[in-house]
$ cat upload_3.cif   # mmCIF, C-alpha atoms
data_query
#
loop_
_atom_site.label_atom_id
_atom_site.label_comp_id
_atom_site.auth_asym_id
_atom_site.auth_seq_id
_atom_site.Cartn_x
_atom_site.Cartn_y
_atom_site.Cartn_z
CA MET B 1 36.23 -55.89 -57.90
CA THR B 2 34.53 -59.27 -58.07
CA GLU B 3 30.75 -59.72 -57.94
CA THR B 4 31.03 -61.17 -54.42
CA SER B 5 33.11 -58.33 -53.02
CA SER B 6 30.78 -55.71 -54.54
CA THR B 7 27.98 -56.92 -52.31
CA LEU B 8 30.06 -56.32 -49.19
CA ALA B 9 30.80 -53.11 -47.33
CA SER B 10 33.96 -52.81 -45.27
CA VAL B 11 33.37 -51.45 -41.79
CA ALA B 12 35.19 -50.78 -38.57
CA PRO B 13 38.58 -52.00 -37.46
CA GLY B 14 39.94 -55.38 -38.35
CA GLY B 15 38.57 -55.42 -41.90
CA THR B 16 35.14 -56.64 -40.73
CA LEU B 17 32.72 -56.89 -43.65
CA VAL B 18 28.98 -56.42 -43.55
CA PRO B 19 26.60 -57.14 -46.47
CA SER B 20 25.65 -53.88 -48.17
CA GLY B 21 21.97 -54.74 -47.77
CA ASP B 22 22.45 -54.87 -44.01
CA VAL B 23 24.23 -51.51 -44.05
CA GLU B 24 21.27 -49.92 -45.81
CA ALA B 25 18.81 -51.62 -43.45
CA ILE B 26 20.72 -50.33 -40.41
CA LYS B 27 20.58 -46.80 -41.82
CA GLU B 28 16.86 -47.24 -42.42
CA LEU B 29 16.28 -48.50 -38.87
CA ARG B 30 18.25 -45.58 -37.45
CA GLY B 31 15.89 -43.16 -39.21
CA LEU B 32 12.80 -45.10 -38.15
CA TYR B 33 14.03 -45.08 -34.56
CA GLU B 34 14.14 -41.29 -34.55
CA SER B 35 10.64 -41.18 -36.04
CA LEU B 36 9.44 -43.67 -33.43
CA ARG B 37 10.83 -41.58 -30.58
CA GLN B 38 9.13 -38.46 -31.93
CA GLU B 39 5.84 -40.28 -32.31
CA ILE B 40 5.91 -41.69 -28.78
CA GLY B 41 6.93 -38.24 -27.55
CA LYS B 42 3.43 -37.04 -28.48
CA VAL B 43 2.04 -38.86 -25.44
CA ILE B 44 5.13 -39.55 -23.28
CA ILE B 45 7.23 -36.74 -21.85
CA GLY B 46 10.80 -37.78 -21.05
CA GLN B 47 11.67 -41.43 -20.31
CA HIS B 48 13.87 -41.58 -23.44
CA GLU B 49 16.15 -44.23 -21.94
CA VAL B 50 13.15 -46.44 -21.09
CA VAL B 51 11.85 -46.22 -24.66
CA GLU B 52 15.29 -47.03 -26.08
CA ARG B 53 15.74 -50.05 -23.83
CA LEU B 54 12.30 -51.38 -24.72
CA LEU B 55 13.14 -51.15 -28.40
CA ILE B 56 16.52 -52.83 -27.84
CA CYS B 57 14.66 -55.67 -26.13
CA ILE B 58 12.25 -56.05 -29.03
CA LEU B 59 15.00 -56.01 -31.67
CA ALA B 60 16.98 -58.59 -29.66
CA ARG B 61 13.95 -60.91 -29.30
CA GLY B 62 13.78 -60.43 -25.54
CA HIS B 63 11.21 -59.56 -22.89
CA ALA B 64 11.36 -56.63 -20.50
CA LEU B 65 10.36 -56.04 -16.89
CA LEU B 66 9.70 -52.42 -15.91
CA MET B 67 9.89 -51.51 -12.24
CA GLY B 68 8.67 -48.30 -10.66
CA VAL B 69 6.09 -46.83 -8.35
CA PRO B 70 2.55 -46.30 -9.69
CA GLY B 71 1.93 -43.24 -11.82
CA LEU B 72 5.17 -43.16 -13.84
CA ALA B 73 3.45 -43.98 -17.18
CA LYS B 74 4.86 -47.51 -17.46
CA THR B 75 1.63 -48.82 -18.97
CA THR B 76 1.24 -45.75 -21.20
CA ILE B 77 4.77 -46.17 -22.62
CA ILE B 78 4.12 -49.78 -23.62
CA ASN B 79 0.71 -48.93 -25.07
CA ALA B 80 2.17 -46.07 -27.10
CA LEU B 81 4.99 -48.30 -28.36
CA SER B 82 2.55 -50.94 -29.58
CA GLN B 83 0.48 -48.31 -31.42
CA ALA B 84 3.50 -46.78 -33.13
CA MET B 85 4.70 -50.24 -34.15
CA SER B 86 1.31 -51.36 -35.48
CA LEU B 87 1.35 -54.59 -33.48
CA GLU B 88 -1.53 -56.48 -31.92
CA PHE B 89 -1.62 -55.52 -28.26
CA ASN B 90 -3.29 -57.10 -25.23
CA ARG B 91 -3.16 -56.01 -21.63
CA ILE B 92 -3.48 -58.42 -18.72
CA GLN B 93 -4.18 -56.81 -15.36
CA PHE B 94 -2.66 -59.13 -12.78
CA THR B 95 -4.68 -59.49 -9.59
CA PRO B 96 -4.54 -61.92 -6.63
CA ASP B 97 -7.45 -63.97 -8.01
CA LEU B 98 -6.16 -64.25 -11.60
CA MET B 99 -5.90 -67.87 -12.79
CA PRO B 100 -3.46 -69.35 -15.36
CA SER B 101 -6.34 -70.10 -17.73
CA ASP B 102 -7.23 -66.39 -17.68
CA ILE B 103 -3.89 -65.83 -19.43
CA THR B 104 -3.48 -68.79 -21.77
CA GLY B 105 -7.12 -69.51 -22.59
CA THR B 106 -9.40 -72.45 -21.86
CA ASP B 107 -11.74 -75.02 -23.41
CA ILE B 108 -15.40 -74.02 -23.44
CA LEU B 109 -18.28 -76.41 -24.11
CA GLN B 110 -20.27 -75.13 -27.08
CA GLU B 111 -23.07 -76.34 -29.36
CA THR B 112 -22.00 -77.86 -32.68
CA ASP B 113 -23.69 -77.80 -36.09
CA GLN B 114 -25.27 -81.17 -35.27
CA PRO B 115 -28.41 -80.82 -33.08
CA GLY B 116 -27.97 -82.15 -29.54
CA ARG B 117 -24.21 -82.44 -29.79
CA ARG B 118 -21.71 -80.27 -27.95
CA ALA B 119 -17.93 -80.14 -28.08
CA PHE B 120 -15.09 -78.36 -26.35
CA VAL B 121 -13.68 -75.41 -28.26
CA PHE B 122 -10.45 -73.68 -27.24
CA VAL B 123 -10.89 -69.96 -26.66
CA LYS B 124 -7.57 -68.13 -26.82
CA GLY B 125 -6.53 -66.01 -23.89
CA PRO B 126 -4.92 -62.55 -24.02
CA ILE B 127 -1.44 -64.09 -24.31
CA PHE B 128 -2.17 -64.49 -28.04
CA ALA B 129 -0.92 -61.10 -29.22
CA ASN B 130 2.31 -59.55 -30.55
CA ILE B 131 2.86 -57.39 -27.46
CA VAL B 132 1.45 -58.55 -24.14
CA LEU B 133 1.44 -56.09 -21.28
CA ALA B 134 1.56 -58.02 -17.99
CA ASP B 135 0.49 -55.13 -15.79
CA GLU B 136 1.53 -55.31 -12.12
CA ILE B 137 2.79 -58.85 -12.60
CA ASN B 138 3.84 -59.15 -8.96
CA ARG B 139 0.28 -58.62 -7.71
CA THR B 140 -0.62 -62.22 -8.56
CA PRO B 141 0.62 -65.44 -6.85
CA PRO B 142 3.51 -67.48 -8.32
CA LYS B 143 1.17 -70.15 -9.77
CA THR B 144 -0.28 -67.62 -12.19
CA GLN B 145 3.04 -65.89 -12.81
CA ALA B 146 4.40 -69.26 -13.94
CA ALA B 147 1.79 -69.42 -16.70
CA LEU B 148 4.02 -67.01 -18.62
CA LEU B 149 7.15 -69.20 -18.44
CA GLU B 150 6.47 -71.47 -21.41
CA ALA B 151 5.05 -68.61 -23.47
CA MET B 152 8.11 -66.42 -22.91
CA GLN B 153 10.65 -69.14 -23.57
CA GLU B 154 9.03 -71.28 -26.26
CA HIS B 155 6.56 -68.80 -27.82
CA ARG B 156 3.78 -71.32 -27.35
CA VAL B 157 1.34 -72.51 -24.69
CA THR B 158 0.15 -75.96 -23.69
CA VAL B 159 -3.53 -76.40 -22.82
CA ALA B 160 -4.96 -79.84 -22.02
CA GLY B 161 -1.97 -81.50 -23.65
CA ARG B 162 -2.26 -79.53 -26.90
CA LEU B 163 0.30 -77.02 -28.18
CA PHE B 164 -0.73 -73.64 -29.52
CA SER B 165 1.82 -71.38 -31.19
CA LEU B 166 1.85 -67.69 -30.36
CA PRO B 167 1.92 -64.91 -32.97
CA SER B 168 5.24 -63.67 -34.32
CA PRO B 169 6.78 -61.35 -33.29
CA PHE B 170 5.93 -61.94 -29.62
CA PHE B 171 7.02 -59.93 -26.58
CA VAL B 172 6.03 -59.82 -22.94
CA LEU B 173 6.52 -56.38 -21.44
CA ALA B 174 5.68 -56.55 -17.76
CA THR B 175 5.36 -53.86 -15.11
CA GLN B 176 6.14 -54.43 -11.46
CA ASN B 177 5.56 -52.41 -8.32
CA PRO B 178 8.33 -52.20 -5.70
CA ILE B 179 8.18 -55.37 -3.61
CA GLU B 180 8.02 -53.30 -0.46
CA GLN B 181 4.48 -52.28 -1.40
CA GLU B 182 1.44 -53.97 0.11
CA GLY B 183 -0.02 -57.00 -1.68
CA THR B 184 2.95 -57.95 -3.88
CA TYR B 185 4.53 -61.34 -4.57
CA ALA B 186 8.22 -61.42 -5.48
CA LEU B 187 8.87 -63.05 -8.85
CA PRO B 188 10.75 -66.39 -8.60
CA GLU B 189 14.32 -66.38 -9.92
CA ALA B 190 13.36 -68.68 -12.82
CA GLN B 191 10.72 -66.18 -13.91
CA LEU B 192 13.04 -63.19 -13.53
CA ASP B 193 15.69 -64.89 -15.66
CA ARG B 194 13.26 -65.06 -18.60
CA PHE B 195 13.26 -61.27 -18.80
CA MET B 196 16.12 -59.95 -20.89
CA PHE B 197 16.01 -56.46 -19.37
CA PHE B 198 15.10 -55.10 -15.96
CA ILE B 199 14.25 -51.45 -16.61
CA HIS B 200 14.01 -49.06 -13.69
CA VAL B 201 11.51 -46.27 -14.36
CA ASP B 202 12.38 -43.20 -12.31
CA TYR B 203 10.57 -39.95 -11.59
CA PRO B 204 10.68 -37.27 -14.34
CA THR B 205 12.86 -34.21 -13.97
CA ARG B 206 11.35 -30.93 -12.79
CA ASP B 207 11.22 -29.53 -16.33
CA GLU B 208 9.55 -32.72 -17.59
CA GLU B 209 6.94 -32.55 -14.84
CA ARG B 210 6.22 -28.91 -15.75
CA ARG B 211 5.66 -30.00 -19.35
CA LEU B 212 3.52 -32.85 -18.05
CA ALA B 213 1.31 -30.39 -16.17
CA ARG B 214 0.95 -28.09 -19.19
CA GLU B 215 0.59 -30.60 -22.03
CA THR B 216 -1.40 -33.51 -20.61
CA THR B 217 -4.17 -31.83 -18.65
CA GLY B 218 -6.30 -30.51 -21.47
CA GLY B 219 -7.51 -31.47 -24.93
CA GLU B 220 -7.75 -34.88 -26.53
CA ARG B 221 -4.99 -37.43 -26.57
CA PRO B 222 -3.30 -37.52 -29.98
CA ASN B 223 -3.50 -40.57 -32.22
CA LEU B 224 -0.14 -42.11 -33.05
CA ASN B 225 1.00 -42.89 -36.59
CA HIS B 226 2.25 -46.37 -37.45
CA ILE B 227 6.03 -46.30 -37.91
CA LEU B 228 6.88 -50.03 -37.96
CA SER B 229 4.90 -53.15 -38.85
CA GLY B 230 5.27 -56.68 -37.56
CA ALA B 231 7.03 -57.67 -40.81
CA ASP B 232 9.47 -54.77 -40.32
CA VAL B 233 10.24 -55.92 -36.78
CA LEU B 234 10.98 -59.48 -37.94
CA ARG B 235 13.21 -58.16 -40.75
CA PHE B 236 15.20 -55.90 -38.43
CA GLN B 237 15.55 -58.69 -35.88
CA GLU B 238 17.33 -60.73 -38.53
CA ILE B 239 19.59 -57.78 -39.38
CA VAL B 240 20.49 -57.29 -35.70
CA SER B 241 21.32 -60.97 -35.26
CA ARG B 242 23.92 -60.70 -38.08
CA VAL B 243 25.81 -57.70 -36.64
CA PRO B 244 29.45 -58.80 -36.18
CA VAL B 245 30.99 -58.93 -32.71
CA PRO B 246 34.78 -58.77 -32.17
CA ASP B 247 36.36 -61.51 -30.07
CA HIS B 248 37.38 -59.10 -27.30
CA VAL B 249 33.72 -58.11 -26.79
CA TYR B 250 32.71 -61.78 -26.50
CA ASP B 251 35.50 -62.26 -23.96
CA ALA B 252 34.44 -59.19 -22.00
CA ALA B 253 30.83 -60.41 -21.79
CA VAL B 254 31.91 -63.83 -20.52
CA ASP B 255 34.35 -62.34 -17.99
CA LEU B 256 31.78 -59.84 -16.73
CA VAL B 257 29.16 -62.50 -16.07
CA ARG B 258 31.58 -64.96 -14.49
CA LYS B 259 32.78 -62.28 -12.07
CA THR B 260 29.23 -61.90 -10.70
CA ARG B 261 29.32 -65.45 -9.28
CA PRO B 262 30.72 -65.64 -5.74
CA ALA B 263 31.91 -69.24 -6.22
CA SER B 264 33.85 -68.39 -9.37
CA PRO B 265 37.65 -68.09 -9.07
CA GLU B 266 37.42 -64.91 -11.21
CA ALA B 267 35.08 -63.20 -8.73
CA PRO B 268 36.57 -60.20 -6.87
CA ALA B 269 36.65 -60.29 -3.08
CA ALA B 270 33.74 -57.84 -2.85
CA ILE B 271 31.53 -60.18 -4.88
CA ARG B 272 32.33 -63.15 -2.64
CA LYS B 273 31.48 -60.99 0.35
CA MET B 274 28.28 -59.34 -0.89
CA VAL B 275 26.61 -61.69 -3.41
CA THR B 276 24.61 -64.88 -2.87
CA TRP B 277 23.89 -65.75 -6.51
CA GLY B 278 25.32 -64.37 -9.73
CA ALA B 279 24.18 -64.32 -13.33
CA GLY B 280 23.85 -67.48 -15.43
CA PRO B 281 24.81 -68.25 -19.04
CA ARG B 282 21.60 -66.69 -20.37
CA ALA B 283 22.98 -63.32 -19.23
CA ILE B 284 25.91 -63.71 -21.64
CA GLN B 285 23.52 -64.30 -24.53
CA TYR B 286 21.43 -61.27 -23.59
CA LEU B 287 24.50 -59.05 -23.19
CA ILE B 288 25.64 -59.85 -26.72
CA ARG B 289 22.18 -59.62 -28.28
CA GLY B 290 21.46 -56.37 -26.44
CA ALA B 291 24.83 -54.91 -27.46
CA LYS B 292 24.08 -55.73 -31.09
CA ALA B 293 20.72 -53.95 -30.96
CA HIS B 294 22.25 -50.98 -29.14
CA ALA B 295 24.94 -50.68 -31.83
CA VAL B 296 22.34 -50.75 -34.60
CA LEU B 297 20.23 -48.03 -32.98
CA ARG B 298 23.38 -45.91 -32.88
CA GLY B 299 23.89 -46.50 -36.60
CA SER B 300 26.93 -48.74 -36.09
CA TYR B 301 27.72 -51.88 -38.08
CA LEU B 302 29.96 -53.39 -35.41
CA VAL B 303 29.54 -54.00 -31.68
CA ARG B 304 31.92 -52.03 -29.49
CA MET B 305 32.72 -52.16 -25.78
CA GLU B 306 30.50 -49.13 -25.12
CA ASP B 307 27.54 -51.05 -26.53
CA LEU B 308 28.21 -53.87 -24.08
CA GLU B 309 28.49 -51.44 -21.17
CA ALA B 310 25.24 -49.73 -22.20
CA VAL B 311 23.22 -52.92 -21.67
CA ALA B 312 25.08 -54.30 -18.65
CA HIS B 313 22.80 -52.76 -16.03
CA PRO B 314 19.43 -53.84 -17.48
CA VAL B 315 20.73 -57.36 -18.18
CA LEU B 316 22.49 -58.01 -14.85
CA THR B 317 20.58 -56.02 -12.21
CA HIS B 318 17.90 -58.67 -11.60
CA ARG B 319 20.36 -61.55 -11.96
CA ILE B 320 22.62 -60.59 -9.06
CA LEU B 321 21.18 -61.51 -5.67
CA THR B 322 22.87 -59.65 -2.83
CA ASN B 323 23.12 -61.12 0.67
CA PHE B 324 22.17 -59.73 4.06
CA GLN B 325 25.56 -58.07 4.58
CA ALA B 326 25.24 -56.12 1.33
CA GLN B 327 21.72 -55.04 2.24
CA ALA B 328 22.87 -53.95 5.71
CA GLU B 329 25.63 -51.84 4.16
CA GLY B 330 23.34 -50.41 1.47
CA VAL B 331 25.20 -52.09 -1.39
CA THR B 332 22.86 -52.78 -4.32
CA SER B 333 23.29 -54.94 -7.40
CA ARG B 334 23.57 -51.73 -9.44
CA ALA B 335 26.55 -50.62 -7.34
CA ILE B 336 28.18 -54.02 -7.84
CA ILE B 337 27.73 -53.76 -11.61
CA ASP B 338 29.25 -50.27 -11.56
CA GLN B 339 32.29 -51.66 -9.76
CA LEU B 340 32.70 -54.52 -12.25
CA LEU B 341 32.38 -52.14 -15.22
CA THR B 342 35.00 -49.81 -13.70
CA GLU B 343 37.39 -52.73 -13.29
CA MET B 344 36.67 -53.87 -16.85
CA ARG B 345 37.49 -50.41 -18.24
CA GLY B 346 40.69 -50.30 -16.22
CA ALA B 347 41.76 -53.70 -17.54
CA SER B 348 41.02 -52.55 -21.11
CA VAL B 349 43.17 -49.44 -20.67
CA ARG B 350 46.07 -51.47 -19.27
CA GLU B 351 45.93 -53.81 -22.24
#

$ encode --input "upload_3.cif" --output "structure tokens"
Amino acid sequence: MTETSSTLASVAPGGTLVPSGDVEAIKELRGLYESLRQEIGKVIIGQHEVVERLLICILARGHALLMGVPGLAKTTIINALSQAMSLEFNRIQFTPDLMPSDITGTDILQETDQPGRRAFVFVKGPIFANIVLADEINRTPPKTQAALLEAMQEHRVTVAGRLFSLPSPFFVLATQNPIEQEGTYALPEAQLDRFMFFIHVDYPTRDEERRLARETTGGERPNLNHILSGADVLRFQEIVSRVPVPDHVYDAAVDLVRKTRPASPEAPAAIRKMVTWGAGPRAIQYLIRGAKAHAVLRGSYLVRMEDLEAVAHPVLTHRILTNFQAQAEGVTSRAIIDQLLTEMRGASVRE
């Protein structure tokens, strides 16, 4: 065996090769993931899927939007995750009177070392952290919501014509109340598209609520151990980005997204009838990146179709806008995604 081939490990069908260092790192991450889940489980009962999807988002360099009624521990989950990952954490409570400068920071006139002279000094806002919790993001008007756009996309902010880079790693994890509630502002489509995942947080099961009643109503809240550091996160992000993807998975991601667009010739009749807007090209990128992270958390060195299916709902739900007819018939974007996935599986079996 040559020196070059000894540094490679053969995996999965098709003779796909993965560097042995990446194989070991994936095994390491798999173990750390289990430790992370156990640590977060000290303060969060249930919601395992939510925790997994948040971690997928972080490993894939994305941002996540959590939606659910108040009281489902959305804020607590994000706070616990930041503690277990030893990352700098800031929380922004969005309110109707919040201004963009309250997020990004502002220039303040201060005294200098020279007597009688004052100068403007930039004071960083809460956006300058590794994990930023945008709590109840749809309680503030669109002008302030838009202050996050540049930060989420470019990992920097512009204040008075000057650019300020944000820390690395950087994630925005936002919570949102159902838009039917009083005092909410729907997020614009451009803002929604910046979020890699839309994560629906549901009520706990009966058994989980019984545990909640027993375990969280007495005593002190436990302190969480640090499982991952910022340097670890950056290292694992690089590993995830190198996970190989077979051509048929790329093709499936492209086909799935194109079928969500009513004007596309590939769109099924039901999509043309029920959908106003479908997903854009960014959805394809997020499907692949999310599938890579999902594969790694499962200990796999190659992306499979089941990894793509696992991230389809959180990637596409907020990118498919249904029309009035769909709403009148009770057809949701989730139901449409289910239909597309069923058709995709059927096509795969026929092939």

$ resolve_selection --input "upload_3.cif" --expression "the PyMOL selection byres ((chain B and resi 227) around 8)" --output "list of chain:residue names"
B:Leu32, B:Ser35, B:Leu36, B:Ala84, B:Met85, B:Ser86, B:Asn225, B:His226, B:Leu228, B:Ser229

$ closest_atom_pairs --input "upload_3.cif" --of "region 283-329 of chain B" --to "region 60-82 of chain B" --cutoff "8 Å" --atoms "all atoms listed in the file" --output "tab-separated table"
residue	atom	partner	partner_atom	distance
B:Tyr286	CA	B:Gly62	CA	7.9
B:Arg289	CA	B:Ala60	CA	5.5
B:Gly290	CA	B:Ala60	CA	5.9
B:Lys292	CA	B:Ala60	CA	7.8
B:Ala293	CA	B:Ala60	CA	6.1

$ write_last_selection --input "upload_3.cif" --atoms "C-alpha atoms" --output "mmCIF file, keeping the file's coordinate frame"
data_model
loop_
_atom_site.group_PDB
_atom_site.id
_atom_site.type_symbol
_atom_site.label_atom_id
_atom_site.label_comp_id
_atom_site.auth_asym_id
_atom_site.auth_seq_id
_atom_site.Cartn_x
_atom_site.Cartn_y
_atom_site.Cartn_z
ATOM 1 C CA TYR B 286 21.430 -61.270 -23.590
ATOM 2 C CA ARG B 289 22.180 -59.620 -28.280
ATOM 3 C CA GLY B 290 21.460 -56.370 -26.440
ATOM 4 C CA LYS B 292 24.080 -55.730 -31.090
ATOM 5 C CA ALA B 293 20.720 -53.950 -30.960
#

$ closest_residue --input "upload_3.cif" --among "B:Tyr203, B:Tyr33, B:Tyr301, B:Trp277" --to "Arg242 (chain B)" --atoms "only C-alpha atoms"
B:Tyr301

$ atom_distance --input "upload_3.cif" --atom1 "CA of Arg334 (chain B)" --atom2 "CA of Thr276 (chain B)"
14.7 Å

$ residues_around --input "upload_3.cif" --residues "region 108-112 of chain B" --least-positions-apart "3" --cutoff "8 Å" --atoms "all atoms listed in the file" --output "list in words"
Pro115, Gly116, Arg117, Arg118, Ala119, Phe120, Val121, Phe122 and Val123 of chain B

$ resolve_selection --input "upload_3.cif" --expression "the PyMOL selection byres ((chain B and resi 278-283) around 12)" --output "PyMOL selection string"
chain B and resi 62+153+189-190+192-198+253-264+267+271-272+274-277+284-291+308+311-323+333+336-337

$ atom_distance --input "upload_3.cif" --atom1 "CA of Ala25 (chain B)" --atom2 "CA of Pro246 (chain B)"
20.8 Å

$ residues_around --input "upload_3.cif" --residues "Pro141 (chain B)" --least-positions-apart "2" --cutoff "12 Å" --atoms "all atoms listed in the file" --output "list in words"
Phe94, Thr95, Pro96, Asp97, Leu98, Met99, Pro100, Glu136, Ile137, Asn138, Arg139, Lys143, Thr144, Gln145, Ala146, Ala147, Gly183, Thr184, Tyr185, Ala186, Leu187 and Pro188 of chain B

$ atom_distance --input "upload_3.cif" --atom1 "CA of Pro268 (chain B)" --atom2 "CA of Ala335 (chain B)"
13.9 Å

$ closest_residue --input "upload_3.cif" --among "B:Leu29, B:Val132, B:Leu148, B:Ala270" --to "Gln325 (chain B)" --atoms "all atoms listed in the file"
B:Ala270
